[in-house]
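S.K.: This is the structure, below, for whatever I ask next.
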Amino acid sequence: MKFSCYALVALLTGSLLPSSSTAQNTALNARIAKLSAAQEAKVIACRRDLHEHPELGNEEKRTAGIVAEQLKKLGLEVQTGVARTGVVGILRGGKPGPVVALRADMDGLPVTETAPVPFASKARTTYNGQEVGVMHACGHDTHVAMLLSTAEVLSAVKKDLPGTVKFIFQPAEEGSLPGVVGGAKLMVQEGVLDNPKVDAIFGLHINAQTEVGTLKYRPEGTMAAADVFTIKVKGKSAHGAYPWLAVDPVVTAAQIVTGLQTIISRQSELTQDAAVITVGMIHGGVRNNIIPEQVELTGTIRTLDKDMQQKIWAAVRRTATNIAESAGAGAEVDIVNYAPITYNDPRLTEQMAPTLRRVAGPAHVTVQKAVTGAEDFAYFQEKVPGLFVFVGGMPKGKNPADTAPHHTPNFFIDDSGLTLGVQTLATLAADYLGAKK
């Protein structure tokens, strides 16, 4: 990690901004801190309402309606129907200056909730042909609530803001239907970073294994690129009692699953960066005594390095094709990129790290290791400098190993930490605008 001499001093002293920082900035930050703390009851109530009424990607109509209504009440310029169900609010400060964007994702997941909370989701839907529950199992409800409160805080101080804040409420972060462009990628394609043109973007993600009151970040690559692969193994059908008459795609698919794991364990230089290949779905056959003609494997590839990503793509194709060929079968391999590497701009990260330390306190801010989870926030970062930060949602004193991970039925967030997220987003925006004036 490389920092300028000034940045090293800032990290040690917790100083706020470059030398252009004034008493006015300090006073504004103090007002933001006070206004953020006053949002506690409101942000928790909003989060719990959203949690009880989750919606899947591109179906966030109720959520989008709540967002648009609240932004209009604050007097913001509001755009709806962005990337299908997204909402954008524009707050113009009292002074001229740059444009900063703040983003929250809105969608839930096809997960049936088991967490013992009074506001647990009872929503149901049909997903991939199966009846399942719908749940905010990744904390997007907290993101929406925090950004709405941030909009209220910044609206209260807008006459002192030298520039414009664009609030982006994004649908479908967890993905769209196969073959359908959505989420951040579609928002970018529709010009969400233009009119007015965004100079920098900030985002937060709640984390169930990070203690309330703490922030984590990382310069450069912080979350992995996510790719979706599908392998169609084509064989020859026969009666299950006479396997020698078949080319069995089930056995071949099983060998491919095992072979894919050697790409990580034996062919990837993991001292360079982490990588993951996971097969998440296997579909094939309709009856116990019929060998089917085809089996389909679907999974994910996670990488933190572009060169490694391309090598793994080639290895997946080679491994699946050659194993299938050795069995007399065929394999069609399709790989699609879902999200690029979430890349925190080094200069922007260096500039804003003192803000994080001041808001949470130096002892409560950590430079973390990269993670193999993925975020389509990366599409915004491909166009403008961006910083993505993690905020704690685990009850104080709890062991992270004992907490339910994201995307699971008993996922739990201690929402007493949401005001830290509000203050962080609001202060990042104010400090960035103040430093650029």
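Following the order of the structure tokens, first chain is A, next is B, and so on, with residues numbered from 1 inside each chain and ligands from 1 in the order they appear.
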When DSSP works through the backbone of this structure, what residues of segment 171-403 of chain A end up as alpha helix (DSSP H), shown as a compact mmCIF listing (two decimals) with all heavy atoms, in the first residue's frame?
M.R.:
```
# COMPACT_ATOMS: atom_id res chain seq x y z
N GLY A 183 -29.37 -3.96 -12.97
CA GLY A 183 -28.55 -3.46 -11.89
C GLY A 183 -27.70 -2.27 -12.26
O GLY A 183 -28.08 -1.41 -13.07
N ALA A 184 -26.51 -2.20 -11.66
CA ALA A 184 -25.62 -1.07 -11.88
C ALA A 184 -25.20 -0.95 -13.35
O ALA A 184 -25.06 0.16 -13.87
CB ALA A 184 -24.38 -1.21 -11.00
N LYS A 185 -25.01 -2.08 -14.00
CA LYS A 185 -24.59 -2.05 -15.41
C LYS A 185 -25.61 -1.32 -16.27
O LYS A 185 -25.25 -0.47 -17.10
CB LYS A 185 -24.38 -3.47 -15.92
CG LYS A 185 -23.81 -3.53 -17.33
CD LYS A 185 -23.50 -4.97 -17.73
CE LYS A 185 -22.82 -5.03 -19.09
NZ LYS A 185 -22.49 -6.43 -19.47
N LEU A 186 -26.90 -1.62 -16.06
CA LEU A 186 -27.94 -0.95 -16.84
C LEU A 186 -28.07 0.51 -16.44
O LEU A 186 -28.30 1.37 -17.30
CB LEU A 186 -29.27 -1.67 -16.64
CG LEU A 186 -30.45 -1.14 -17.47
CD1 LEU A 186 -30.13 -1.16 -18.96
CD2 LEU A 186 -31.72 -1.94 -17.18
N MET A 187 -27.90 0.82 -15.15
CA MET A 187 -27.95 2.22 -14.72
C MET A 187 -26.86 3.03 -15.42
O MET A 187 -27.10 4.15 -15.89
CB MET A 187 -27.78 2.32 -13.20
CG MET A 187 -29.02 1.97 -12.41
SD MET A 187 -28.88 2.51 -10.69
CE MET A 187 -30.48 3.33 -10.50
N VAL A 188 -25.67 2.47 -15.51
CA VAL A 188 -24.57 3.17 -16.19
C VAL A 188 -24.89 3.35 -17.67
O VAL A 188 -24.69 4.43 -18.24
CB VAL A 188 -23.24 2.40 -16.00
CG1 VAL A 188 -22.15 2.98 -16.89
CG2 VAL A 188 -22.81 2.45 -14.54
N GLN A 189 -25.42 2.29 -18.29
CA GLN A 189 -25.77 2.37 -19.71
C GLN A 189 -26.83 3.45 -19.97
O GLN A 189 -26.82 4.10 -21.02
CB GLN A 189 -26.28 1.02 -20.21
CG GLN A 189 -25.20 -0.04 -20.33
CD GLN A 189 -25.74 -1.38 -20.80
OE1 GLN A 189 -26.94 -1.55 -21.02
NE2 GLN A 189 -24.86 -2.35 -20.96
N PRO A 249 -23.83 -38.80 -19.06
CA PRO A 249 -23.45 -37.43 -18.74
C PRO A 249 -23.45 -37.14 -17.24
O PRO A 249 -22.85 -36.15 -16.81
CB PRO A 249 -24.51 -36.60 -19.46
CG PRO A 249 -25.72 -37.47 -19.45
CD PRO A 249 -25.19 -38.88 -19.62
N VAL A 250 -24.10 -38.00 -16.46
CA VAL A 250 -24.12 -37.80 -15.01
C VAL A 250 -22.74 -38.09 -14.43
O VAL A 250 -22.17 -37.28 -13.68
CB VAL A 250 -25.19 -38.67 -14.34
CG1 VAL A 250 -25.13 -38.52 -12.82
CG2 VAL A 250 -26.58 -38.33 -14.85
N VAL A 251 -22.19 -39.24 -14.77
CA VAL A 251 -20.85 -39.60 -14.28
C VAL A 251 -19.82 -38.61 -14.83
O VAL A 251 -18.91 -38.17 -14.12
CB VAL A 251 -20.49 -41.04 -14.70
CG1 VAL A 251 -19.04 -41.35 -14.37
CG2 VAL A 251 -21.42 -42.03 -14.02
N THR A 252 -19.97 -38.25 -16.09
CA THR A 252 -19.04 -37.29 -16.69
C THR A 252 -19.11 -35.94 -15.99
O THR A 252 -18.08 -35.30 -15.71
CB THR A 252 -19.36 -37.12 -18.19
OG1 THR A 252 -19.34 -38.40 -18.83
CG2 THR A 252 -18.33 -36.21 -18.86
N ALA A 253 -20.32 -35.50 -15.68
CA ALA A 253 -20.49 -34.22 -14.98
C ALA A 253 -19.84 -34.27 -13.60
O ALA A 253 -19.21 -33.30 -13.16
CB ALA A 253 -21.97 -33.88 -14.85
N ALA A 254 -19.97 -35.41 -12.92
CA ALA A 254 -19.34 -35.55 -11.60
C ALA A 254 -17.83 -35.44 -11.70
O ALA A 254 -17.17 -34.81 -10.86
CB ALA A 254 -19.73 -36.90 -10.98
N GLN A 255 -17.25 -36.02 -12.76
CA GLN A 255 -15.81 -35.93 -12.96
C GLN A 255 -15.39 -34.49 -13.28
O GLN A 255 -14.33 -34.04 -12.85
CB GLN A 255 -15.38 -36.87 -14.09
CG GLN A 255 -15.55 -38.34 -13.75
CD GLN A 255 -15.29 -39.26 -14.94
OE1 GLN A 255 -15.47 -38.85 -16.09
NE2 GLN A 255 -14.87 -40.49 -14.68
N ILE A 256 -16.23 -33.78 -14.00
CA ILE A 256 -15.93 -32.38 -14.31
C ILE A 256 -15.95 -31.53 -13.05
O ILE A 256 -15.07 -30.68 -12.85
CB ILE A 256 -16.93 -31.83 -15.36
CG1 ILE A 256 -16.66 -32.49 -16.73
CG2 ILE A 256 -16.82 -30.31 -15.47
CD1 ILE A 256 -17.68 -32.15 -17.79
N VAL A 257 -16.92 -31.77 -12.17
CA VAL A 257 -16.98 -31.02 -10.90
C VAL A 257 -15.68 -31.21 -10.12
O VAL A 257 -15.09 -30.25 -9.62
CB VAL A 257 -18.19 -31.48 -10.05
CG1 VAL A 257 -18.10 -30.86 -8.65
CG2 VAL A 257 -19.49 -31.08 -10.72
N THR A 258 -15.22 -32.46 -10.04
CA THR A 258 -13.96 -32.73 -9.34
C THR A 258 -12.78 -32.10 -10.05
O THR A 258 -11.89 -31.50 -9.44
CB THR A 258 -13.74 -34.24 -9.22
OG1 THR A 258 -14.85 -34.83 -8.53
CG2 THR A 258 -12.46 -34.55 -8.45
N GLY A 259 -12.77 -32.19 -11.37
CA GLY A 259 -11.67 -31.63 -12.15
C GLY A 259 -11.57 -30.12 -12.02
O GLY A 259 -10.47 -29.56 -11.99
N LEU A 260 -12.71 -29.45 -11.93
CA LEU A 260 -12.69 -28.00 -11.80
C LEU A 260 -11.97 -27.55 -10.53
O LEU A 260 -11.34 -26.49 -10.50
CB LEU A 260 -14.12 -27.45 -11.80
CG LEU A 260 -14.91 -27.55 -13.11
CD1 LEU A 260 -16.33 -27.04 -12.92
CD2 LEU A 260 -14.21 -26.80 -14.24
N GLN A 261 -12.06 -28.36 -9.48
CA GLN A 261 -11.42 -27.97 -8.22
C GLN A 261 -9.90 -27.98 -8.32
O GLN A 261 -9.22 -27.25 -7.59
CB GLN A 261 -11.88 -28.90 -7.09
CG GLN A 261 -13.39 -28.90 -6.86
CD GLN A 261 -13.98 -27.50 -6.81
OE1 GLN A 261 -13.57 -26.67 -6.01
NE2 GLN A 261 -14.96 -27.23 -7.67
N THR A 262 -9.36 -28.79 -9.23
CA THR A 262 -7.89 -28.80 -9.37
C THR A 262 -7.39 -27.53 -10.06
O THR A 262 -6.20 -27.23 -10.00
CB THR A 262 -7.42 -30.04 -10.16
OG1 THR A 262 -7.88 -29.94 -11.52
CG2 THR A 262 -7.93 -31.31 -9.52
N ILE A 263 -8.28 -26.80 -10.72
CA ILE A 263 -7.86 -25.53 -11.31
C ILE A 263 -7.41 -24.58 -10.21
O ILE A 263 -6.41 -23.85 -10.35
CB ILE A 263 -9.01 -24.90 -12.12
CG1 ILE A 263 -9.37 -25.79 -13.31
CG2 ILE A 263 -8.63 -23.49 -12.60
CD1 ILE A 263 -10.61 -25.33 -14.05
N ILE A 264 -8.12 -24.58 -9.09
CA ILE A 264 -7.76 -23.73 -7.96
C ILE A 264 -6.61 -24.34 -7.16
O ILE A 264 -5.63 -23.67 -6.84
CB ILE A 264 -8.98 -23.49 -7.04
CG1 ILE A 264 -10.11 -22.83 -7.82
CG2 ILE A 264 -8.58 -22.66 -5.83
CD1 ILE A 264 -9.76 -21.49 -8.43
N SER A 265 -6.70 -25.63 -6.85
CA SER A 265 -5.72 -26.24 -5.95
C SER A 265 -4.38 -26.52 -6.61
O SER A 265 -3.36 -26.62 -5.92
CB SER A 265 -6.28 -27.55 -5.38
OG SER A 265 -6.45 -28.52 -6.41
N ARG A 266 -4.35 -26.65 -7.96
CA ARG A 266 -3.10 -27.05 -8.61
C ARG A 266 -2.67 -26.16 -9.76
O ARG A 266 -1.53 -26.26 -10.24
CB ARG A 266 -3.23 -28.50 -9.14
CG ARG A 266 -3.26 -29.55 -8.04
CD ARG A 266 -1.94 -29.57 -7.29
NE ARG A 266 -1.92 -30.57 -6.23
CZ ARG A 266 -2.27 -30.35 -4.97
NH1 ARG A 266 -2.72 -29.14 -4.62
NH2 ARG A 266 -2.21 -31.30 -4.07
N GLN A 267 -3.53 -25.26 -10.23
CA GLN A 267 -3.18 -24.48 -11.41
C GLN A 267 -3.22 -22.97 -11.18
O GLN A 267 -2.84 -22.21 -12.07
CB GLN A 267 -4.15 -24.82 -12.56
CG GLN A 267 -4.13 -26.29 -12.96
CD GLN A 267 -5.19 -26.61 -14.00
OE1 GLN A 267 -5.31 -25.92 -15.02
NE2 GLN A 267 -5.97 -27.65 -13.75
N LYS A 306 -7.19 -9.61 -13.09
CA LYS A 306 -7.74 -9.79 -14.44
C LYS A 306 -7.00 -10.87 -15.22
O LYS A 306 -7.62 -11.64 -15.97
CB LYS A 306 -7.70 -8.46 -15.20
CG LYS A 306 -8.71 -7.44 -14.68
CD LYS A 306 -8.72 -6.17 -15.51
CE LYS A 306 -9.76 -5.19 -15.00
NZ LYS A 306 -9.79 -3.93 -15.79
N ASP A 307 -5.67 -10.95 -15.06
CA ASP A 307 -4.92 -11.99 -15.76
C ASP A 307 -5.31 -13.38 -15.25
O ASP A 307 -5.51 -14.32 -16.02
CB ASP A 307 -3.41 -11.78 -15.59
CG ASP A 307 -2.91 -10.58 -16.38
OD1 ASP A 307 -3.60 -10.17 -17.34
OD2 ASP A 307 -1.83 -10.06 -16.04
N MET A 308 -5.45 -13.50 -13.92
CA MET A 308 -5.86 -14.77 -13.34
C MET A 308 -7.27 -15.14 -13.81
O MET A 308 -7.57 -16.31 -14.08
CB MET A 308 -5.81 -14.72 -11.81
CG MET A 308 -6.13 -16.06 -11.14
SD MET A 308 -6.09 -15.97 -9.34
CE MET A 308 -4.32 -15.83 -9.05
N GLN A 309 -8.13 -14.15 -13.91
CA GLN A 309 -9.49 -14.39 -14.38
C GLN A 309 -9.49 -15.04 -15.76
O GLN A 309 -10.18 -16.04 -16.00
CB GLN A 309 -10.26 -13.08 -14.43
CG GLN A 309 -11.70 -13.20 -14.92
CD GLN A 309 -12.34 -11.84 -15.14
OE1 GLN A 309 -11.72 -10.93 -15.69
NE2 GLN A 309 -13.58 -11.69 -14.72
N GLN A 310 -8.69 -14.49 -16.68
CA GLN A 310 -8.66 -15.04 -18.04
C GLN A 310 -8.05 -16.44 -18.07
O GLN A 310 -8.49 -17.31 -18.83
CB GLN A 310 -7.87 -14.09 -18.95
CG GLN A 310 -8.56 -12.74 -19.15
CD GLN A 310 -9.98 -12.86 -19.65
OE1 GLN A 310 -10.25 -13.56 -20.63
NE2 GLN A 310 -10.92 -12.21 -18.96
N LYS A 311 -7.04 -16.69 -17.24
CA LYS A 311 -6.43 -18.02 -17.18
C LYS A 311 -7.43 -19.05 -16.65
O LYS A 311 -7.49 -20.18 -17.14
CB LYS A 311 -5.19 -17.98 -16.28
CG LYS A 311 -4.01 -17.23 -16.89
CD LYS A 311 -2.82 -17.18 -15.92
CE LYS A 311 -1.66 -16.40 -16.52
NZ LYS A 311 -0.52 -16.28 -15.56
N ILE A 312 -8.23 -18.66 -15.66
CA ILE A 312 -9.19 -19.59 -15.09
C ILE A 312 -10.32 -19.85 -16.08
O ILE A 312 -10.79 -21.00 -16.22
CB ILE A 312 -9.73 -19.06 -13.74
CG1 ILE A 312 -8.62 -19.19 -12.68
CG2 ILE A 312 -10.98 -19.82 -13.30
CD1 ILE A 312 -9.00 -18.66 -11.32
N TRP A 313 -10.75 -18.83 -16.81
CA TRP A 313 -11.76 -19.06 -17.85
C TRP A 313 -11.26 -20.12 -18.85
O TRP A 313 -12.00 -21.04 -19.20
CB TRP A 313 -12.04 -17.75 -18.60
CG TRP A 313 -12.95 -16.80 -17.92
CD1 TRP A 313 -13.12 -16.63 -16.59
CD2 TRP A 313 -13.82 -15.85 -18.56
NE1 TRP A 313 -14.02 -15.61 -16.34
CE2 TRP A 313 -14.47 -15.13 -17.53
CE3 TRP A 313 -14.09 -15.54 -19.88
CZ2 TRP A 313 -15.40 -14.12 -17.80
CZ3 TRP A 313 -15.01 -14.53 -20.16
CH2 TRP A 313 -15.66 -13.83 -19.12
N ALA A 314 -10.02 -19.96 -19.29
CA ALA A 314 -9.47 -20.91 -20.26
C ALA A 314 -9.36 -22.30 -19.65
O ALA A 314 -9.63 -23.31 -20.32
CB ALA A 314 -8.10 -20.43 -20.73
N ALA A 315 -8.98 -22.37 -18.38
CA ALA A 315 -8.83 -23.67 -17.71
C ALA A 315 -10.17 -24.37 -17.53
O ALA A 315 -10.26 -25.60 -17.65
CB ALA A 315 -8.13 -23.48 -16.37
N VAL A 316 -11.21 -23.61 -17.23
CA VAL A 316 -12.55 -24.21 -17.09
C VAL A 316 -12.98 -24.82 -18.42
O VAL A 316 -13.48 -25.96 -18.47
CB VAL A 316 -13.57 -23.15 -16.62
CG1 VAL A 316 -14.99 -23.67 -16.77
CG2 VAL A 316 -13.30 -22.78 -15.17
N ARG A 317 -12.80 -24.09 -19.49
CA ARG A 317 -13.17 -24.62 -20.81
C ARG A 317 -12.36 -25.87 -21.15
O ARG A 317 -12.90 -26.87 -21.63
CB ARG A 317 -12.95 -23.54 -21.88
CG ARG A 317 -13.92 -22.37 -21.80
CD ARG A 317 -13.84 -21.51 -23.06
NE ARG A 317 -14.86 -20.48 -23.06
CZ ARG A 317 -14.68 -19.22 -22.65
NH1 ARG A 317 -13.47 -18.85 -22.23
NH2 ARG A 317 -15.66 -18.36 -22.68
N ARG A 318 -11.05 -25.80 -20.91
CA ARG A 318 -10.17 -26.93 -21.24
C ARG A 318 -10.52 -28.16 -20.41
O ARG A 318 -10.63 -29.28 -20.94
CB ARG A 318 -8.72 -26.51 -20.99
CG ARG A 318 -7.69 -27.60 -21.30
CD ARG A 318 -6.28 -27.09 -21.07
NE ARG A 318 -6.02 -26.78 -19.66
CZ ARG A 318 -5.79 -25.54 -19.20
NH1 ARG A 318 -5.79 -24.52 -20.03
NH2 ARG A 318 -5.54 -25.34 -17.92
N THR A 319 -10.72 -27.96 -19.11
CA THR A 319 -11.00 -29.08 -18.21
C THR A 319 -12.32 -29.75 -18.56
O THR A 319 -12.39 -30.98 -18.68
CB THR A 319 -11.03 -28.58 -16.76
OG1 THR A 319 -9.75 -28.03 -16.42
CG2 THR A 319 -11.37 -29.71 -15.80
N ALA A 320 -13.37 -28.96 -18.73
CA ALA A 320 -14.69 -29.54 -19.03
C ALA A 320 -14.70 -30.25 -20.37
O ALA A 320 -15.22 -31.37 -20.51
CB ALA A 320 -15.74 -28.44 -18.99
N THR A 321 -14.11 -29.61 -21.38
CA THR A 321 -14.11 -30.18 -22.73
C THR A 321 -13.33 -31.48 -22.79
O THR A 321 -13.79 -32.49 -23.36
CB THR A 321 -13.52 -29.17 -23.73
OG1 THR A 321 -14.31 -27.97 -23.70
CG2 THR A 321 -13.52 -29.73 -25.13
N ASN A 322 -12.14 -31.50 -22.18
CA ASN A 322 -11.29 -32.69 -22.28
C ASN A 322 -11.81 -33.86 -21.44
O ASN A 322 -11.71 -35.02 -21.85
CB ASN A 322 -9.86 -32.34 -21.86
CG ASN A 322 -9.16 -31.47 -22.90
OD1 ASN A 322 -9.63 -31.31 -24.01
ND2 ASN A 322 -8.04 -30.88 -22.52
N ILE A 323 -12.37 -33.57 -20.26
CA ILE A 323 -12.94 -34.66 -19.46
C ILE A 323 -14.14 -35.25 -20.18
O ILE A 323 -14.30 -36.49 -20.24
CB ILE A 323 -13.34 -34.14 -18.06
CG1 ILE A 323 -12.09 -33.87 -17.23
CG2 ILE A 323 -14.23 -35.16 -17.34
CD1 ILE A 323 -12.37 -33.29 -15.85
N ALA A 324 -14.98 -34.41 -20.75
CA ALA A 324 -16.13 -34.91 -21.49
C ALA A 324 -15.68 -35.75 -22.69
O ALA A 324 -16.21 -36.84 -22.95
CB ALA A 324 -17.00 -33.75 -21.96
N GLU A 325 -14.68 -35.27 -23.40
CA GLU A 325 -14.18 -35.99 -24.57
C GLU A 325 -13.61 -37.35 -24.19
O GLU A 325 -13.79 -38.33 -24.91
CB GLU A 325 -13.11 -35.12 -25.26
CG GLU A 325 -12.77 -35.57 -26.67
CD GLU A 325 -11.84 -34.58 -27.35
OE1 GLU A 325 -12.30 -33.47 -27.65
OE2 GLU A 325 -10.65 -34.93 -27.54
N SER A 326 -12.95 -37.40 -23.03
CA SER A 326 -12.36 -38.67 -22.59
C SER A 326 -13.43 -39.72 -22.31
O SER A 326 -13.14 -40.93 -22.34
CB SER A 326 -11.50 -38.45 -21.35
OG SER A 326 -12.31 -38.19 -20.21
N PRO A 346 -7.16 4.37 -5.66
CA PRO A 346 -6.14 4.61 -4.62
C PRO A 346 -6.06 6.06 -4.16
O PRO A 346 -5.95 6.33 -2.96
CB PRO A 346 -4.83 4.17 -5.28
CG PRO A 346 -5.24 3.23 -6.36
CD PRO A 346 -6.57 3.73 -6.85
N ARG A 347 -6.13 7.02 -5.09
CA ARG A 347 -6.02 8.43 -4.71
C ARG A 347 -7.25 8.87 -3.91
O ARG A 347 -7.13 9.59 -2.91
CB ARG A 347 -5.85 9.29 -5.96
CG ARG A 347 -4.52 9.08 -6.67
CD ARG A 347 -4.37 10.01 -7.86
NE ARG A 347 -4.37 11.42 -7.46
CZ ARG A 347 -4.35 12.44 -8.29
NH1 ARG A 347 -4.34 12.19 -9.61
NH2 ARG A 347 -4.33 13.68 -7.86
N LEU A 348 -8.42 8.44 -4.36
CA LEU A 348 -9.64 8.80 -3.63
C LEU A 348 -9.65 8.16 -2.24
O LEU A 348 -10.03 8.79 -1.25
CB LEU A 348 -10.87 8.36 -4.42
CG LEU A 348 -12.23 8.70 -3.79
CD1 LEU A 348 -12.43 10.21 -3.72
CD2 LEU A 348 -13.35 8.04 -4.58
N THR A 349 -9.20 6.91 -2.16
CA THR A 349 -9.15 6.21 -0.88
C THR A 349 -8.20 6.90 0.08
O THR A 349 -8.50 7.10 1.27
CB THR A 349 -8.72 4.75 -1.09
OG1 THR A 349 -9.61 4.12 -2.01
CG2 THR A 349 -8.75 3.98 0.22
N GLU A 350 -7.04 7.30 -0.43
CA GLU A 350 -6.07 8.01 0.39
C GLU A 350 -6.64 9.33 0.89
O GLU A 350 -6.47 9.72 2.05
CB GLU A 350 -4.80 8.25 -0.42
CG GLU A 350 -3.72 9.04 0.33
CD GLU A 350 -2.50 9.29 -0.54
OE1 GLU A 350 -1.95 8.32 -1.10
OE2 GLU A 350 -2.09 10.46 -0.66
N GLN A 351 -7.35 10.02 0.01
CA GLN A 351 -7.92 11.32 0.37
C GLN A 351 -8.99 11.19 1.45
O GLN A 351 -9.07 12.02 2.36
CB GLN A 351 -8.55 11.96 -0.88
CG GLN A 351 -9.25 13.30 -0.61
CD GLN A 351 -10.03 13.79 -1.81
OE1 GLN A 351 -9.89 13.28 -2.91
NE2 GLN A 351 -10.87 14.79 -1.60
N MET A 352 -9.81 10.13 1.37
CA MET A 352 -10.97 10.02 2.25
C MET A 352 -10.72 9.17 3.50
O MET A 352 -11.56 9.14 4.41
CB MET A 352 -12.17 9.44 1.49
CG MET A 352 -12.53 10.19 0.22
SD MET A 352 -12.60 12.01 0.37
CE MET A 352 -13.87 12.22 1.60
N ALA A 353 -9.59 8.47 3.58
CA ALA A 353 -9.30 7.65 4.77
C ALA A 353 -9.34 8.45 6.07
O ALA A 353 -9.87 7.97 7.08
CB ALA A 353 -7.95 6.95 4.61
N PRO A 354 -8.81 9.70 6.11
CA PRO A 354 -8.93 10.48 7.34
C PRO A 354 -10.38 10.74 7.75
O PRO A 354 -10.68 10.80 8.94
CB PRO A 354 -8.20 11.78 7.00
CG PRO A 354 -7.24 11.41 5.93
CD PRO A 354 -7.95 10.39 5.11
N THR A 355 -11.27 10.89 6.76
CA THR A 355 -12.69 11.08 7.08
C THR A 355 -13.24 9.86 7.80
O THR A 355 -13.95 9.98 8.81
CB THR A 355 -13.49 11.33 5.78
OG1 THR A 355 -13.07 12.55 5.19
CG2 THR A 355 -14.99 11.41 6.07
N LEU A 356 -12.91 8.67 7.32
CA LEU A 356 -13.39 7.44 7.95
C LEU A 356 -12.90 7.35 9.39
O LEU A 356 -13.66 6.99 10.31
CB LEU A 356 -12.92 6.22 7.16
CG LEU A 356 -13.37 6.13 5.70
CD1 LEU A 356 -12.81 4.86 5.06
CD2 LEU A 356 -14.89 6.15 5.59
N ARG A 357 -11.63 7.69 9.61
CA ARG A 357 -11.06 7.59 10.95
C ARG A 357 -11.66 8.62 11.90
O ARG A 357 -11.83 8.35 13.08
CB ARG A 357 -9.53 7.74 10.87
CG ARG A 357 -8.88 6.49 10.31
CD ARG A 357 -7.39 6.69 10.02
NE ARG A 357 -6.79 5.39 9.77
CZ ARG A 357 -6.91 4.68 8.65
NH1 ARG A 357 -7.62 5.16 7.65
NH2 ARG A 357 -6.34 3.50 8.52
N ARG A 358 -11.98 9.77 11.37
CA ARG A 358 -12.58 10.78 12.24
C ARG A 358 -14.01 10.42 12.61
O ARG A 358 -14.43 10.61 13.75
CB ARG A 358 -12.53 12.14 11.56
CG ARG A 358 -13.23 13.24 12.35
CD ARG A 358 -12.91 14.62 11.82
NE ARG A 358 -12.82 14.65 10.38
CZ ARG A 358 -13.88 14.67 9.56
NH1 ARG A 358 -15.08 14.64 10.06
NH2 ARG A 358 -13.72 14.72 8.26
N VAL A 359 -14.75 9.90 11.66
CA VAL A 359 -16.16 9.57 11.91
C VAL A 359 -16.30 8.43 12.92
O VAL A 359 -17.08 8.51 13.87
CB VAL A 359 -16.88 9.22 10.59
CG1 VAL A 359 -18.25 8.62 10.87
CG2 VAL A 359 -17.02 10.46 9.72
N ALA A 360 -15.54 7.35 12.72
CA ALA A 360 -15.67 6.17 13.59
C ALA A 360 -14.66 6.15 14.73
O ALA A 360 -14.84 5.42 15.70
CB ALA A 360 -15.53 4.90 12.77
N ALA A 378 -19.02 -2.14 -8.80
CA ALA A 378 -17.81 -2.06 -9.63
C ALA A 378 -18.08 -1.40 -10.98
O ALA A 378 -17.17 -0.77 -11.55
CB ALA A 378 -17.25 -3.47 -9.84
N TYR A 379 -19.29 -1.51 -11.50
CA TYR A 379 -19.59 -0.87 -12.79
C TYR A 379 -19.54 0.65 -12.69
O TYR A 379 -19.13 1.33 -13.64
CB TYR A 379 -20.96 -1.32 -13.30
CG TYR A 379 -20.96 -2.72 -13.87
CD1 TYR A 379 -21.60 -3.76 -13.21
CD2 TYR A 379 -20.31 -3.00 -15.07
CE1 TYR A 379 -21.60 -5.05 -13.73
CE2 TYR A 379 -20.30 -4.28 -15.61
CZ TYR A 379 -20.94 -5.31 -14.92
OH TYR A 379 -20.92 -6.57 -15.44
N PHE A 380 -19.95 1.20 -11.55
CA PHE A 380 -19.81 2.65 -11.35
C PHE A 380 -18.34 3.02 -11.28
O PHE A 380 -17.91 4.04 -11.83
CB PHE A 380 -20.51 3.08 -10.05
CG PHE A 380 -21.99 2.79 -10.01
CD1 PHE A 380 -22.52 1.99 -9.01
CD2 PHE A 380 -22.85 3.33 -10.95
CE1 PHE A 380 -23.88 1.72 -8.96
CE2 PHE A 380 -24.21 3.07 -10.90
CZ PHE A 380 -24.73 2.26 -9.90
N GLN A 381 -17.54 2.18 -10.58
CA GLN A 381 -16.12 2.48 -10.40
C GLN A 381 -15.32 2.37 -11.69
O GLN A 381 -14.22 2.91 -11.78
CB GLN A 381 -15.52 1.52 -9.36
CG GLN A 381 -16.07 1.74 -7.95
CD GLN A 381 -15.57 0.69 -6.99
OE1 GLN A 381 -15.67 -0.51 -7.26
NE2 GLN A 381 -15.01 1.12 -5.87
```
S.K.: Could you pull the residues within 8 Å of Pro385 of chain A, counting only C-alpha atoms, minus those fewer than 3 positions along the same chain, as a ChimeraX atom specification?
M.R.: /A:199-201,344-345,348,381-382
S.K.: Those same residues, written as a compact mmCIF listing (two decimals), in the first residue's frame with N, CA and C atoms?
M.R.:
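Wrote part-v4.txt, looks like this:
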```txt
# COMPACT_ATOMS: atom_id res chain seq x y z
N ASP A 199 -18.39 13.15 -10.38
CA ASP A 199 -16.93 13.18 -10.25
C ASP A 199 -16.38 12.05 -9.39
N ALA A 200 -17.16 11.58 -8.42
CA ALA A 200 -16.74 10.49 -7.55
C ALA A 200 -17.98 9.85 -6.96
N ILE A 201 -17.86 8.57 -6.56
CA ILE A 201 -19.00 7.85 -6.00
C ILE A 201 -18.58 7.07 -4.75
N ASN A 344 -11.33 0.12 -5.42
CA ASN A 344 -11.31 1.42 -4.75
C ASN A 344 -10.15 2.26 -5.28
N ASP A 345 -10.49 3.38 -5.90
CA ASP A 345 -9.48 4.25 -6.49
C ASP A 345 -8.45 4.64 -5.43
N LEU A 348 -8.42 8.44 -4.36
CA LEU A 348 -9.64 8.80 -3.63
C LEU A 348 -9.65 8.16 -2.24
N GLN A 381 -17.54 2.18 -10.58
CA GLN A 381 -16.12 2.48 -10.40
C GLN A 381 -15.32 2.37 -11.69
N GLU A 382 -15.86 1.67 -12.69
CA GLU A 382 -15.19 1.62 -13.99
C GLU A 382 -15.28 2.97 -14.71
```
